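Okay, structure first, notes after.
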4 protein chains.
Amino acid sequence: MIKAGIIGSTGYSGEELTGLLYKHPQVEIDFLCSHSYVNERFSNLYGNLKRFVDEKCVSDEEAFKRIKDIDILFTALPSGKALEFGKAAMESEIKFIDIGSDFRLKTTELYKEWYNLEHNYAALLEKAVYGLPELNRSKIKEAELIANPGCYPTASTLALAPLVKNNIIDTTSIIIDAKSGVSGAGRKASIANLFVECNDSVKAYGVTTHRHTPEIEQNLSELSSEEIKLTFTPHLIPMSRGILSVCYGKLTNETDSEKLMDLYRDFYKNEYFVRVIDELPETRWVKGSNFCDISLRVDTRTNRVIVVSAIDNLVKGAAGQAVQNMNLMFGLKENTALENTPIFP
Amino acid sequence: MIKAGIIGSTGYSGEELTGLLYKHPQVEIDFLCSHSYVNERFSNLYGNLKRFVDEKCVSDEEAFKRIKDIDILFTALPSGKALEFGKAAMESEIKFIDIGSDFRLKTTELYKEWYNLEHNYAALLEKAVYGLPELNRSKIKEAELIANPGCYPTASTLALAPLVKNNIIDTTSIIIDAKSGVSGAGRKASIANLFVECNDSVKAYGVTTHRHTPEIEQNLSELSSEEIKLTFTPHLIPMSRGILSVCYGKLTNETDSEKLMDLYRDFYKNEYFVRVIDELPETRWVKGSNFCDISLRVDTRTNRVIVVSAIDNLVKGAAGQAVQNMNLMFGLKENTALENTPIFP
Amino acid sequence: MIKAGIIGSTGYSGEELTGLLYKHPQVEIDFLCSHSYVNERFSNLYGNLKRFVDEKCVSDEEAFKRIKDIDILFTALPSGKALEFGKAAMESEIKFIDIGSDFRLKTTELYKEWYNLEHNYAALLEKAVYGLPELNRSKIKEAELIANPGCYPTASTLALAPLVKNNIIDTTSIIIDAKSGVSGAGRKASIANLFVECNDSVKAYGVTTHRHTPEIEQNLSELSSEEIKLTFTPHLIPMSRGILSVCYGKLTNETDSEKLMDLYRDFYKNEYFVRVIDELPETRWVKGSNFCDISLRVDTRTNRVIVVSAIDNLVKGAAGQAVQNMNLMFGLKENTALENTPIFP
Amino acid sequence: MIKAGIIGSTGYSGEELTGLLYKHPQVEIDFLCSHSYVNERFSNLYGNLKRFVDEKCVSDEEAFKRIKDIDILFTALPSGKALEFGKAAMESEIKFIDIGSDFRLKTTELYKEWYNLEHNYAALLEKAVYGLPELNRSKIKEAELIANPGCYPTASTLALAPLVKNNIIDTTSIIIDAKSGVSGAGRKASIANLFVECNDSVKAYGVTTHRHTPEIEQNLSELSSEEIKLTFTPHLIPMSRGILSVCYGKLTNETDSEKLMDLYRDFYKNEYFVRVIDELPETRWVKGSNFCDISLRVDTRTNRVIVVSAIDNLVKGAAGQAVQNMNLMFGLKENTALENTPIFP
């Protein structure tokens, strides 16, 4: 059995991860750590897991002590908080997956620029492998430290990869207009995310400044011969889970929807977790699952392609992808504990 | 492998059942029948099951033909529509579970009174076993024809059974005020159930006339020495899934919350699917699962007890309970394919 | 022009009141006070009122100073916080309306018992008039200090008053099962009221202990020859606004729905803000208005009556009723600034 | 008093219009016509207007007869259904406002291409004035027949007009990604718009094919020296009301957010119904009002501008704008009956 520890277990991503690992046939949860709820029973915070995960949360200090006795450590923390845990995990020579954002950008300068935080662990950044299995599988298998992708970058990168990789769109023309459920904002007391503030309304936020922008650019630039800059606009939708990413690009050559759909079907033909579908994706069809649904339409009037992808932000956009990465790191079947079909309604 | 057929597969209960049976290790779905969507791919109607259930729906005629080749037939149909299928299943000597309401009331007269429909199959009614395993397990194991309980009756009967069985409340004092998600209204085109009509509002409906009233009365009367009449008020809540049943009864003797909680814990101590919990149940903690959460409070000021139960109306209130019944009928472990924990958020 | 000050203007009730008074033809808002947002522009907190209410909020200190220059002071504050303001208003001999709960219960002992707070202003309690105009109009016209009713008590008292006043139900049999939108919980940062926690779920809360219980009992006892104790169960519904109150009582004599409906129509025949309707009330039909819709059904099988009432918790349940009271106190037409019809959808 | 008739009064736009005209001090509603609800009381369909609009709906035939006796006719109908009413209104020499889409496109060919319907009233098309007062006020004042703009075109045109008019963006670069509440889909029985299908999910629809595309192009082309083609992607959001339009354009010259904001403030400085605001618009801040909130951000990294606008689709996007147009046509103050501030929460 793989012994796992979870730091930040009581946020929404942490809880999703806890639930997935609880059901994982090869994993044993060694400890659940929570900064805010030390000594509280996990199932008092998440009544869905009553009877299943009744353990008490441990403190950061306790967690640091136990790292040496486990096989893998997961962090699901706000920016800047995972660095020390990453260091400790590497020192104990165990596997480490950061579901947060501390190891995704390739340089400390870029991190400083977008997160406005110092990142004093350049050596760890070098070790870090970006955990998007569909594009990076072989490296993930060998990795010690995984930077689990952000929710928007997961949906957007999978949507655009076939186009960018095959030089089908003008790389200066990319616009991503993405929509997220409120769980993406985390489980912390805030007025902005109260039911009454979010209900029955929609807004864009972080326009031109969202931190997932450089992450997506980094991913796409790696697939391209050019350094890509793009416009990314996230929105908050009155729903609990889900991300819909709508990506626009100018076609470099004439083509049509069918040809591009074929390209996508081929590109993802061996990917269990990507469903290239005829219909436009909707977040409800992926809820509770690790799937990414993708479809596209060519707008022949304007010579653009519109690619739409949908994921569950807490699963493929966070905890599920972390488990997928863990499965790869430990040589397990990639979809172990991730075979549940989406739940609707 | 148990070969199963599903009639009414494209309603919400039918879809939930299809998803559960798809994952069931001992079951093979032989056919999915739909009145409205003959020859449509199931996953075109329910995109969540794309890649998993891509079969085409068959017609009623086709379904009737295939009954003799399967081991169990499920119906999830509007009132009055399951009768012929029940007859056919009995004639073919296969097992039959009606998720609808055609075999729940014990007499054709009562059925006529509340459903305003003729029920010309009194012989089938006699065969019918009420499929609430927590109260009726041994009979279910021997049954050929199961009347799967209604959603409100499941939540309400489990909430009140320990009190009624133990003569703790005045049986003339029972009031049930229940709240349901909109999936309980089915997947049919209607103005009343449009998003805009249901969103951000709450209403009571069917006050004094709801058809689940005699079903609950029948269940409780069987546990009591008296013929019970009660008041039942259902509500529509702007949520997709879930039922919360709040049950009021006058105490016949002085007692307190702790004593009654102990009684409940004991009453359900061997029941996998009932969680007696300290906190008041909320529908979000049981979503996507076959669990029924129950708690209670004694109001010493008025000498009443308030019992609150929560289920997922599509699982424990419909398809999940049907699978639980099927498992019992075929001698399988009762929670096979039903072990998934509730999903939150 | 009536000069008004609002304490607690930045909560949901405060904002509703601000909007109503802004539109009131006889009122001029002198100051908006906010504990948390001193010097913030009101419309930065409530973008709906941008261009209309761009004033900056003043501090408590500033507010106290200005009391002597205004004609009426409103408080919309958490329990215990309005007492000093009430005292100051009385000393300045201006009118005072507390939308909060500090002057509703008739004795300091009852206040202590249910609110667990000391109430050192018994003299003010004596001055306080309970501001439910439909039952208390003449006193309100003469009042200096109004205790504006709670949201649940408003809906529940109006629903039950005709029955209790006319001895139609057994006063020991009353059960109120009420459902509220989340705005009732106020605009303060809290995990429990996050979108993700409330969305797509329903729960009962404060069972047997909710502070509106003694307020409703007090109201009904006054209409009855007996001291009434009742059971009150509030629920949280995933909607922003609205209260639905479902009230159960045992009939003392045989009657039917039509007779009781006639009684209600007669009882409220001169009331602009009460609509006795044939259909069961739904909260969506009163949203954004000061109306209370009421209907009822007699359950002849169990000899009970079920009365259902619906209000907008922020209007008739708070700010609208406060304006209605103010109109009465100043001799204005009772529905001044309150004539807007409900908004749907 | 202006005597008005409303065809299609029982749809969501029709109901909104009915409510607005009911409150209009210069208007008397002569008849409410409904195809589906002939002889039904209006307030039986819309309980919010109980006591206020209790009239019975008349049939199409009856409506045709009464046209000669009124001063203005409004139609709020599906495509193709308003043509005959427009003809009849012109023959009776009364004013006519079509809230639907039958008179918006300038040629019968374009109408045929996008609506797939014959339009045999080219003469009426020539009479038709596009009713966007902020851009077309003087013509509206003289008009007999108004084509009331679509909801998406209203939000999008107001968002982009200052840029296009002033040649600030490359007109081949325009992308509009818009989000609508479900009331935009109308009040007709349909599975796709059931609560359960829309709740907690988001989807794009009509990608590359939505009928509002040519309408927006027509509007912007008129402001530009060039024929504009653009990409328009609408989305369905789980909310009742509101449209958020997010518009992207490539800047032709270097500029910054402040300069463009100044341009917008100046462009709309005399417009009562346009609020140019610093914060990013959210649909909740305009709900129930005729306002259009606009803000923008320049993305200096990619040399793009992102303009965001928010309206209430039923008010500024339909009925409110129709009343605004009517006010102009009859020489009334433009905001008569439209002064209500947005309602939040």
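Residues are named by chain letter and number: chains run A, B, ... in the order of the structure tokens, numbers start at 1 in each chain, and ligands are numbered from 1 in the order shown.
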Item to check | Residue hits in chain B, query chain A, radius 6 Å, only C-alpha atoms, as a ChimeraX atom specification | outcome: /B:47-48,285-286,342
Print the selection's residues with N, CA and C atoms to a file, as a tab-separated table (two decimals), in the first residue's frame.
```tsv
chain	number	residue	atom	x	y	z
B	47	GLY	N	-25.23	12.98	-21.86
B	47	GLY	CA	-23.84	13.11	-22.30
B	47	GLY	C	-22.83	12.65	-21.27
B	48	ASN	N	-23.23	12.59	-20.01
B	48	ASN	CA	-22.31	12.08	-18.99
B	48	ASN	C	-21.90	10.65	-19.27
B	285	TRP	N	-25.11	16.26	1.98
B	285	TRP	CA	-24.22	15.22	2.52
B	285	TRP	C	-24.57	13.81	2.03
B	286	VAL	N	-25.67	13.66	1.34
B	286	VAL	CA	-26.02	12.32	0.84
B	286	VAL	C	-26.07	12.27	-0.69
B	342	PRO	N	-21.07	9.83	-0.78
B	342	PRO	CA	-21.74	11.01	-1.32
B	342	PRO	C	-20.73	11.99	-1.91
```
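Between CA of Thr302 in chain C and CA of Thr154 in chain B lies a distance of 21.6 Å.
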Item to check | Residues flagged helix (DSSP H, G or I) by DSSP in range 170-298 of chain D, as a PyMOL selection string | outcome: chain D and resi 182-185+195-198+212-223+257-267+283-285
Next on the checklist: Please list as a PyMOL selection string every residue within 6 Å of range 206-211 of chain B, counting only C-alpha atoms and excluding residues in the same chain fewer than 3 positions away.
Outcome noted: (chain B and resi 114+233) or (chain C and resi 299)
So that I have them on file, write out the residues from the current selection with N, CA, C and O atoms, as a PDB file, in the first residue's frame.
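To be explicit, this is the file written out as selection-v5.pdb:
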```pdb
ATOM      1  N   TRP B 114     -56.424   7.246  -4.978  1.00  0.00           N
ATOM      2  CA  TRP B 114     -55.352   8.250  -4.965  1.00  0.00           C
ATOM      3  C   TRP B 114     -54.759   8.515  -6.351  1.00  0.00           C
ATOM      4  O   TRP B 114     -54.258   9.596  -6.604  1.00  0.00           O
ATOM      5  N   THR B 233     -46.995  17.223   3.597  1.00  0.00           N
ATOM      6  CA  THR B 233     -46.868  18.399   2.735  1.00  0.00           C
ATOM      7  C   THR B 233     -45.517  18.395   2.015  1.00  0.00           C
ATOM      8  O   THR B 233     -44.476  18.622   2.635  1.00  0.00           O
TER       9      THR B 233
ATOM     10  N   ASP C 299     -57.294  19.758   5.706  1.00  0.00           N
ATOM     11  CA  ASP C 299     -57.080  18.327   5.489  1.00  0.00           C
ATOM     12  C   ASP C 299     -58.174  17.595   6.249  1.00  0.00           C
ATOM     13  O   ASP C 299     -58.053  17.342   7.452  1.00  0.00           O
TER      14      ASP C 299
END
```
Item to check | Close residues, range 219-222 of chain D itself excluded, 10 Å, only C-alpha atoms, min 5 positions apart in chain, as a PyMOL selection string | outcome: chain D and resi 104-105+130+132+135+149+153-154+156-158+160-165+171+214+227-230
Checklist entry - Contacts of His119 in chain C at 12 Å or less, counting only C-alpha atoms, minus same-chain residues fewer than 3 places along, as a VMD selection string? => result chain C and resid 79 to 84 101 to 116 122 to 125
Next on the checklist: Neighbouring residues of Glu134 in chain C were defined as those with any atom within 12 Å, considering only C-alpha atoms; residues of the same chain fewer than 6 positions away were excluded. Please report them as a count of residues only.
Outcome noted: 25
Item to check | Point-to-point distance from CA of Glu254 in chain A to CA of Ile216 in chain D, Å rounded to tenths | outcome: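 Computing the Euclidean distance for CA of Glu254 in chain A and CA of Ile216 in chain D yields 25.0 Å.
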Checklist entry - Among range 62-293 of chain C, which ones does DSSP place in strand (DSSP E), written as a PyMOL selection string? => result chain C and resi 72-75+95-98+129-130+145-147+175-180+203-204+231-236+243-250+274-276+292-293
Checklist entry - What does the distance between CA of Asp262 in chain D and CA of Lys141 in chain D come to in Å, to one decimal place? => result 28.7 Å
Checklist entry - Hey, what's within 8 Å of Ile70 in chain B if we count only C-alpha atoms and toss same-chain stuff fewer than 6 positions away? As an NGL selection string, please? => result :B and (2-5 or 30 or 94)
